[in-house]
Amino acid sequence: MEHRTAIVTGGGRGIGRAISLRLARDGFFVFINYRAGEDAARETLALVEEAGSAGRLLPFDVRDTQAAKEAVRGAAALHKRLDVLVNNAGLTADGVFAMMPKDSWDLVLQTTLDGFYNVTKPAVREMTKAKRGSVVSIASVAGLVANRGQVNYSAAKAGLIGASRSLAAETARAGIRVNTVAPGFIETDMSSKLPREALLGLIPMGRPGLPEEVAGVVSFLCSEDASYVTGQTIVVSGGMV
């Protein structure tokens, strides 16, 4: 199990940072991807090392097909294996659909869905060689229920769930498991723009979730305890969904 490796896209902050740290504590060598925010990514790497593991920064834009392919291949070559991919990179560009600029639609869909294609395809090829691996993608409750003002984000996350289920069926016999985690209202910089009090009223547990609580579910899905779990979506929403 030495030198098990994981790539976490968008791993520099928020949920991505929590996932990177949890996998580090689980014994993974963690490749921390980021597009911008190098300082935050370096902070995450320092925390990974403080946790007793090791890692490396892996800067590239998930929307760039060639850059993603080269980065994944290079990461897999370092220890001659790739055990885990966590597709976490994502963003929002909210607005009423009738007034939504095409750029806002494209930005969200390309980051989430093109990003999934660009990073997961070379990762699955590497995993297929070893006949093992786990792909976990971070979706959202917005991909499961109506969410006004987020038609683009909801479309992207629903597509991510559907793509993951189909990929799980394709790769199961190759020993590769593919699952999604759908967080609700999680305390991060991204969620700071949301109407906190209104959202808390929708959550039976009465509080936002923590990035570490999402990371714990990701850790399970990447472990041998989840060896018979694939094609699933686990909701982490405090009962919201």
# chains A, B, ... in the order shown; residues from 1 in each chain; ligands from 1
>>> closest_atom_pairs(of="segment 61-144 of chain A", to="segment 152-159 of chain A", cutoff="8 Å", atoms="only C-alpha atoms", output="JSON lines")
{"residue": "A:Thr92", "atom": "CA", "partner": "A:Tyr153", "partner_atom": "CA", "distance": 6.3}
{"residue": "A:Ala93", "atom": "CA", "partner": "A:Tyr153", "partner_atom": "CA", "distance": 7.6}
{"residue": "A:Asp94", "atom": "CA", "partner": "A:Asn152", "partner_atom": "CA", "distance": 7.6}
{"residue": "A:Ser104", "atom": "CA", "partner": "A:Asn152", "partner_atom": "CA", "distance": 7.7}
{"residue": "A:Trp105", "atom": "CA", "partner": "A:Asn152", "partner_atom": "CA", "distance": 5.4}
{"residue": "A:Val108", "atom": "CA", "partner": "A:Tyr153", "partner_atom": "CA", "distance": 6.3}
{"residue": "A:Leu109", "atom": "CA", "partner": "A:Ala156", "partner_atom": "CA", "distance": 5.2}
{"residue": "A:Thr112", "atom": "CA", "partner": "A:Ala156", "partner_atom": "CA", "distance": 6.0}
{"residue": "A:Leu113", "atom": "CA", "partner": "A:Ala156", "partner_atom": "CA", "distance": 6.2}
{"residue": "A:Ala139", "atom": "CA", "partner": "A:Lys157", "partner_atom": "CA", "distance": 5.0}
{"residue": "A:Ser140", "atom": "CA", "partner": "A:Lys157", "partner_atom": "CA", "distance": 6.1}
{"residue": "A:Ala142", "atom": "CA", "partner": "A:Ser154", "partner_atom": "CA", "distance": 4.9}
{"residue": "A:Gly143", "atom": "CA", "partner": "A:Ala158", "partner_atom": "CA", "distance": 4.0}
{"residue": "A:Leu144", "atom": "CA", "partner": "A:Ala158", "partner_atom": "CA", "distance": 6.5}
>>> closest_atom_pairs(of="segment 118-186 of chain A", to="segment 215-219 of chain A", cutoff="9 Å", atoms="only C-alpha atoms", output="tab-separated table")
residue	atom	partner	partner_atom	distance
A:Val136	CA	A:Val218	CA	6.9
A:Ser137	CA	A:Val218	CA	8.9
A:Ile138	CA	A:Val218	CA	8.8
A:Thr180	CA	A:Val218	CA	8.6
A:Val181	CA	A:Val218	CA	7.2
>>> select_by_dssp(residues="segment 26-109 of chain A", states="strand (DSSP E or B)", output="compact mmCIF listing (two decimals) with N, CA, C and O atoms, in the first residue's frame")
# COMPACT_ATOMS: atom_id res chain seq x y z
N PHE A 29 -0.13 9.71 -1.18
CA PHE A 29 0.65 10.80 -1.75
C PHE A 29 -0.35 11.61 -2.56
O PHE A 29 -0.99 11.09 -3.47
N VAL A 30 -0.48 12.91 -2.25
CA VAL A 30 -1.56 13.70 -2.82
C VAL A 30 -1.04 14.73 -3.82
O VAL A 30 -0.21 15.59 -3.47
N PHE A 31 -1.54 14.66 -5.04
CA PHE A 31 -1.29 15.69 -6.04
C PHE A 31 -2.40 16.73 -5.92
O PHE A 31 -3.58 16.41 -6.10
N ILE A 32 -2.00 17.94 -5.63
CA ILE A 32 -2.96 19.03 -5.38
C ILE A 32 -3.05 19.89 -6.63
O ILE A 32 -2.15 20.66 -6.96
N ASN A 33 -4.15 19.75 -7.34
CA ASN A 33 -4.36 20.54 -8.55
C ASN A 33 -4.95 21.90 -8.21
O ASN A 33 -5.74 22.04 -7.29
N TYR A 34 -4.56 22.90 -9.00
CA TYR A 34 -5.17 24.23 -8.90
C TYR A 34 -4.98 24.92 -10.24
O TYR A 34 -4.08 24.60 -11.01
N GLY A 55 3.24 15.17 -0.91
CA GLY A 55 2.42 15.53 -2.06
C GLY A 55 3.20 16.41 -3.01
O GLY A 55 4.40 16.64 -2.85
N ARG A 56 2.49 16.90 -3.99
CA ARG A 56 3.11 17.76 -5.00
C ARG A 56 2.02 18.62 -5.62
O ARG A 56 0.88 18.17 -5.77
N LEU A 57 2.37 19.85 -5.95
CA LEU A 57 1.42 20.71 -6.64
C LEU A 57 1.30 20.27 -8.10
O LEU A 57 2.28 19.85 -8.72
N LEU A 58 0.09 20.38 -8.63
CA LEU A 58 -0.17 19.94 -10.00
C LEU A 58 -1.02 21.01 -10.70
O LEU A 58 -2.23 20.86 -10.86
N PRO A 59 -0.39 22.11 -11.10
CA PRO A 59 -1.15 23.22 -11.69
C PRO A 59 -1.56 22.96 -13.14
O PRO A 59 -0.72 22.65 -13.98
N VAL A 84 -6.41 6.97 -6.96
CA VAL A 84 -7.62 7.75 -6.68
C VAL A 84 -7.61 9.05 -7.49
O VAL A 84 -6.57 9.71 -7.62
N LEU A 85 -8.77 9.39 -8.03
CA LEU A 85 -9.00 10.71 -8.61
C LEU A 85 -10.22 11.30 -7.95
O LEU A 85 -11.28 10.66 -7.90
N VAL A 86 -10.08 12.52 -7.43
CA VAL A 86 -11.23 13.24 -6.90
C VAL A 86 -11.46 14.47 -7.77
O VAL A 86 -10.64 15.38 -7.81
N ASN A 87 -12.58 14.47 -8.49
CA ASN A 87 -12.96 15.61 -9.32
C ASN A 87 -13.71 16.62 -8.45
O ASN A 87 -14.91 16.50 -8.22
>>> atom_distance(atom1="atom CA of Lys69 of chain A", atom2="atom CA of Pro122 of chain A")
5.8 Å
>>> residues_around(residues="Ala24 of chain A", least_positions_apart="6", cutoff="12 Å", atoms="only C-alpha atoms", output="ChimeraX atom specification")
/A:3-8,17-18,30-32,44-56,84,215,219
>>> closest_residue(among="A:Thr65, A:Thr111, A:Ser237, A:Ser164", to="Asn88 of chain A", atoms="only C-alpha atoms")
A:Thr111
>>> decode(residues="segment 46-60 of chain A", atoms="all heavy atoms", output="PDB file, in the first residue's frame")
ATOM      1  N   ALA A  46       1.614  22.242   2.502  1.00  0.00           N
ATOM      2  CA  ALA A  46       2.298  22.293   3.800  1.00  0.00           C
ATOM      3  C   ALA A  46       1.503  21.530   4.856  1.00  0.00           C
ATOM      4  O   ALA A  46       2.080  20.812   5.689  1.00  0.00           O
ATOM      5  CB  ALA A  46       2.495  23.748   4.228  1.00  0.00           C
ATOM      6  N   LEU A  47       0.194  21.649   4.828  1.00  0.00           N
ATOM      7  CA  LEU A  47      -0.655  20.924   5.780  1.00  0.00           C
ATOM      8  C   LEU A  47      -0.597  19.419   5.536  1.00  0.00           C
ATOM      9  O   LEU A  47      -0.617  18.623   6.478  1.00  0.00           O
ATOM     10  CB  LEU A  47      -2.096  21.435   5.678  1.00  0.00           C
ATOM     11  CG  LEU A  47      -2.320  22.870   6.169  1.00  0.00           C
ATOM     12  CD1 LEU A  47      -3.716  23.344   5.784  1.00  0.00           C
ATOM     13  CD2 LEU A  47      -2.132  22.962   7.678  1.00  0.00           C
ATOM     14  N   VAL A  48      -0.537  19.030   4.273  1.00  0.00           N
ATOM     15  CA  VAL A  48      -0.389  17.611   3.924  1.00  0.00           C
ATOM     16  C   VAL A  48       0.907  17.060   4.521  1.00  0.00           C
ATOM     17  O   VAL A  48       0.929  15.959   5.095  1.00  0.00           O
ATOM     18  CB  VAL A  48      -0.409  17.438   2.386  1.00  0.00           C
ATOM     19  CG1 VAL A  48       0.157  16.074   1.989  1.00  0.00           C
ATOM     20  CG2 VAL A  48      -1.829  17.602   1.856  1.00  0.00           C
ATOM     21  N   GLU A  49       1.968  17.817   4.401  1.00  0.00           N
ATOM     22  CA  GLU A  49       3.252  17.375   4.936  1.00  0.00           C
ATOM     23  C   GLU A  49       3.246  17.351   6.461  1.00  0.00           C
ATOM     24  O   GLU A  49       3.830  16.463   7.075  1.00  0.00           O
ATOM     25  CB  GLU A  49       4.361  18.278   4.395  1.00  0.00           C
ATOM     26  CG  GLU A  49       4.570  18.090   2.890  1.00  0.00           C
ATOM     27  CD  GLU A  49       5.478  19.134   2.272  1.00  0.00           C
ATOM     28  OE1 GLU A  49       5.740  20.170   2.941  1.00  0.00           O
ATOM     29  OE2 GLU A  49       5.913  18.934   1.118  1.00  0.00           O
ATOM     30  N   GLU A  50       2.553  18.321   7.070  1.00  0.00           N
ATOM     31  CA  GLU A  50       2.412  18.320   8.530  1.00  0.00           C
ATOM     32  C   GLU A  50       1.643  17.089   9.008  1.00  0.00           C
ATOM     33  O   GLU A  50       1.863  16.603  10.119  1.00  0.00           O
ATOM     34  CB  GLU A  50       1.694  19.581   8.996  1.00  0.00           C
ATOM     35  CG  GLU A  50       2.531  20.847   8.955  1.00  0.00           C
ATOM     36  CD  GLU A  50       1.746  22.060   9.377  1.00  0.00           C
ATOM     37  OE1 GLU A  50       0.673  21.887  10.016  1.00  0.00           O
ATOM     38  OE2 GLU A  50       2.180  23.186   9.079  1.00  0.00           O
ATOM     39  N   ALA A  51       0.752  16.600   8.159  1.00  0.00           N
ATOM     40  CA  ALA A  51      -0.036  15.418   8.506  1.00  0.00           C
ATOM     41  C   ALA A  51       0.771  14.134   8.401  1.00  0.00           C
ATOM     42  O   ALA A  51       0.257  13.043   8.685  1.00  0.00           O
ATOM     43  CB  ALA A  51      -1.275  15.337   7.613  1.00  0.00           C
ATOM     44  N   GLY A  52       2.028  14.258   7.983  1.00  0.00           N
ATOM     45  CA  GLY A  52       2.898  13.093   7.925  1.00  0.00           C
ATOM     46  C   GLY A  52       2.934  12.401   6.582  1.00  0.00           C
ATOM     47  O   GLY A  52       3.505  11.318   6.447  1.00  0.00           O
ATOM     48  N   SER A  53       2.318  13.013   5.580  1.00  0.00           N
ATOM     49  CA  SER A  53       2.331  12.424   4.249  1.00  0.00           C
ATOM     50  C   SER A  53       3.176  13.291   3.329  1.00  0.00           C
ATOM     51  O   SER A  53       3.977  14.106   3.773  1.00  0.00           O
ATOM     52  CB  SER A  53       0.898  12.273   3.720  1.00  0.00           C
ATOM     53  OG  SER A  53       0.889  11.525   2.514  1.00  0.00           O
ATOM     54  N   ALA A  54       3.004  13.126   2.050  1.00  0.00           N
ATOM     55  CA  ALA A  54       3.745  13.913   1.068  1.00  0.00           C
ATOM     56  C   ALA A  54       2.830  14.211  -0.105  1.00  0.00           C
ATOM     57  O   ALA A  54       1.780  13.584  -0.278  1.00  0.00           O
ATOM     58  CB  ALA A  54       4.988  13.154   0.602  1.00  0.00           C
ATOM     59  N   GLY A  55       3.236  15.172  -0.913  1.00  0.00           N
ATOM     60  CA  GLY A  55       2.423  15.529  -2.062  1.00  0.00           C
ATOM     61  C   GLY A  55       3.198  16.406  -3.012  1.00  0.00           C
ATOM     62  O   GLY A  55       4.398  16.645  -2.846  1.00  0.00           O
ATOM     63  N   ARG A  56       2.494  16.898  -3.994  1.00  0.00           N
ATOM     64  CA  ARG A  56       3.111  17.757  -5.001  1.00  0.00           C
ATOM     65  C   ARG A  56       2.017  18.622  -5.620  1.00  0.00           C
ATOM     66  O   ARG A  56       0.875  18.172  -5.768  1.00  0.00           O
ATOM     67  CB  ARG A  56       3.791  16.907  -6.068  1.00  0.00           C
ATOM     68  CG  ARG A  56       4.467  17.709  -7.165  1.00  0.00           C
ATOM     69  CD  ARG A  56       5.243  16.830  -8.117  1.00  0.00           C
ATOM     70  NE  ARG A  56       6.436  16.256  -7.481  1.00  0.00           N
ATOM     71  CZ  ARG A  56       7.393  15.616  -8.148  1.00  0.00           C
ATOM     72  NH1 ARG A  56       7.286  15.436  -9.456  1.00  0.00           N
ATOM     73  NH2 ARG A  56       8.438  15.138  -7.510  1.00  0.00           N
ATOM     74  N   LEU A  57       2.367  19.849  -5.952  1.00  0.00           N
ATOM     75  CA  LEU A  57       1.422  20.714  -6.644  1.00  0.00           C
ATOM     76  C   LEU A  57       1.297  20.270  -8.102  1.00  0.00           C
ATOM     77  O   LEU A  57       2.278  19.849  -8.721  1.00  0.00           O
ATOM     78  CB  LEU A  57       1.880  22.171  -6.576  1.00  0.00           C
ATOM     79  CG  LEU A  57       2.001  22.780  -5.185  1.00  0.00           C
ATOM     80  CD1 LEU A  57       2.381  24.257  -5.288  1.00  0.00           C
ATOM     81  CD2 LEU A  57       0.710  22.623  -4.392  1.00  0.00           C
ATOM     82  N   LEU A  58       0.091  20.377  -8.634  1.00  0.00           N
ATOM     83  CA  LEU A  58      -0.173  19.936 -10.001  1.00  0.00           C
ATOM     84  C   LEU A  58      -1.021  21.010 -10.697  1.00  0.00           C
ATOM     85  O   LEU A  58      -2.234  20.862 -10.855  1.00  0.00           O
ATOM     86  CB  LEU A  58      -0.914  18.593  -9.973  1.00  0.00           C
ATOM     87  CG  LEU A  58      -0.952  17.770 -11.256  1.00  0.00           C
ATOM     88  CD1 LEU A  58       0.460  17.320 -11.634  1.00  0.00           C
ATOM     89  CD2 LEU A  58      -1.859  16.560 -11.089  1.00  0.00           C
ATOM     90  N   PRO A  59      -0.391  22.109 -11.101  1.00  0.00           N
ATOM     91  CA  PRO A  59      -1.150  23.215 -11.686  1.00  0.00           C
ATOM     92  C   PRO A  59      -1.562  22.960 -13.142  1.00  0.00           C
ATOM     93  O   PRO A  59      -0.722  22.645 -13.982  1.00  0.00           O
ATOM     94  CB  PRO A  59      -0.173  24.388 -11.592  1.00  0.00           C
ATOM     95  CG  PRO A  59       1.185  23.759 -11.630  1.00  0.00           C
ATOM     96  CD  PRO A  59       1.045  22.420 -10.955  1.00  0.00           C
ATOM     97  N   PHE A  60      -2.854  23.046 -13.395  1.00  0.00           N
ATOM     98  CA  PHE A  60      -3.380  23.045 -14.762  1.00  0.00           C
ATOM     99  C   PHE A  60      -4.865  23.391 -14.700  1.00  0.00           C
ATOM    100  O   PHE A  60      -5.504  23.271 -13.658  1.00  0.00           O
ATOM    101  CB  PHE A  60      -3.176  21.695 -15.463  1.00  0.00           C
ATOM    102  CG  PHE A  60      -3.961  20.540 -14.888  1.00  0.00           C
ATOM    103  CD1 PHE A  60      -5.231  20.232 -15.363  1.00  0.00           C
ATOM    104  CD2 PHE A  60      -3.425  19.752 -13.876  1.00  0.00           C
ATOM    105  CE1 PHE A  60      -5.952  19.162 -14.843  1.00  0.00           C
ATOM    106  CE2 PHE A  60      -4.130  18.682 -13.349  1.00  0.00           C
ATOM    107  CZ  PHE A  60      -5.401  18.393 -13.831  1.00  0.00           C
TER     108      PHE A  60
END
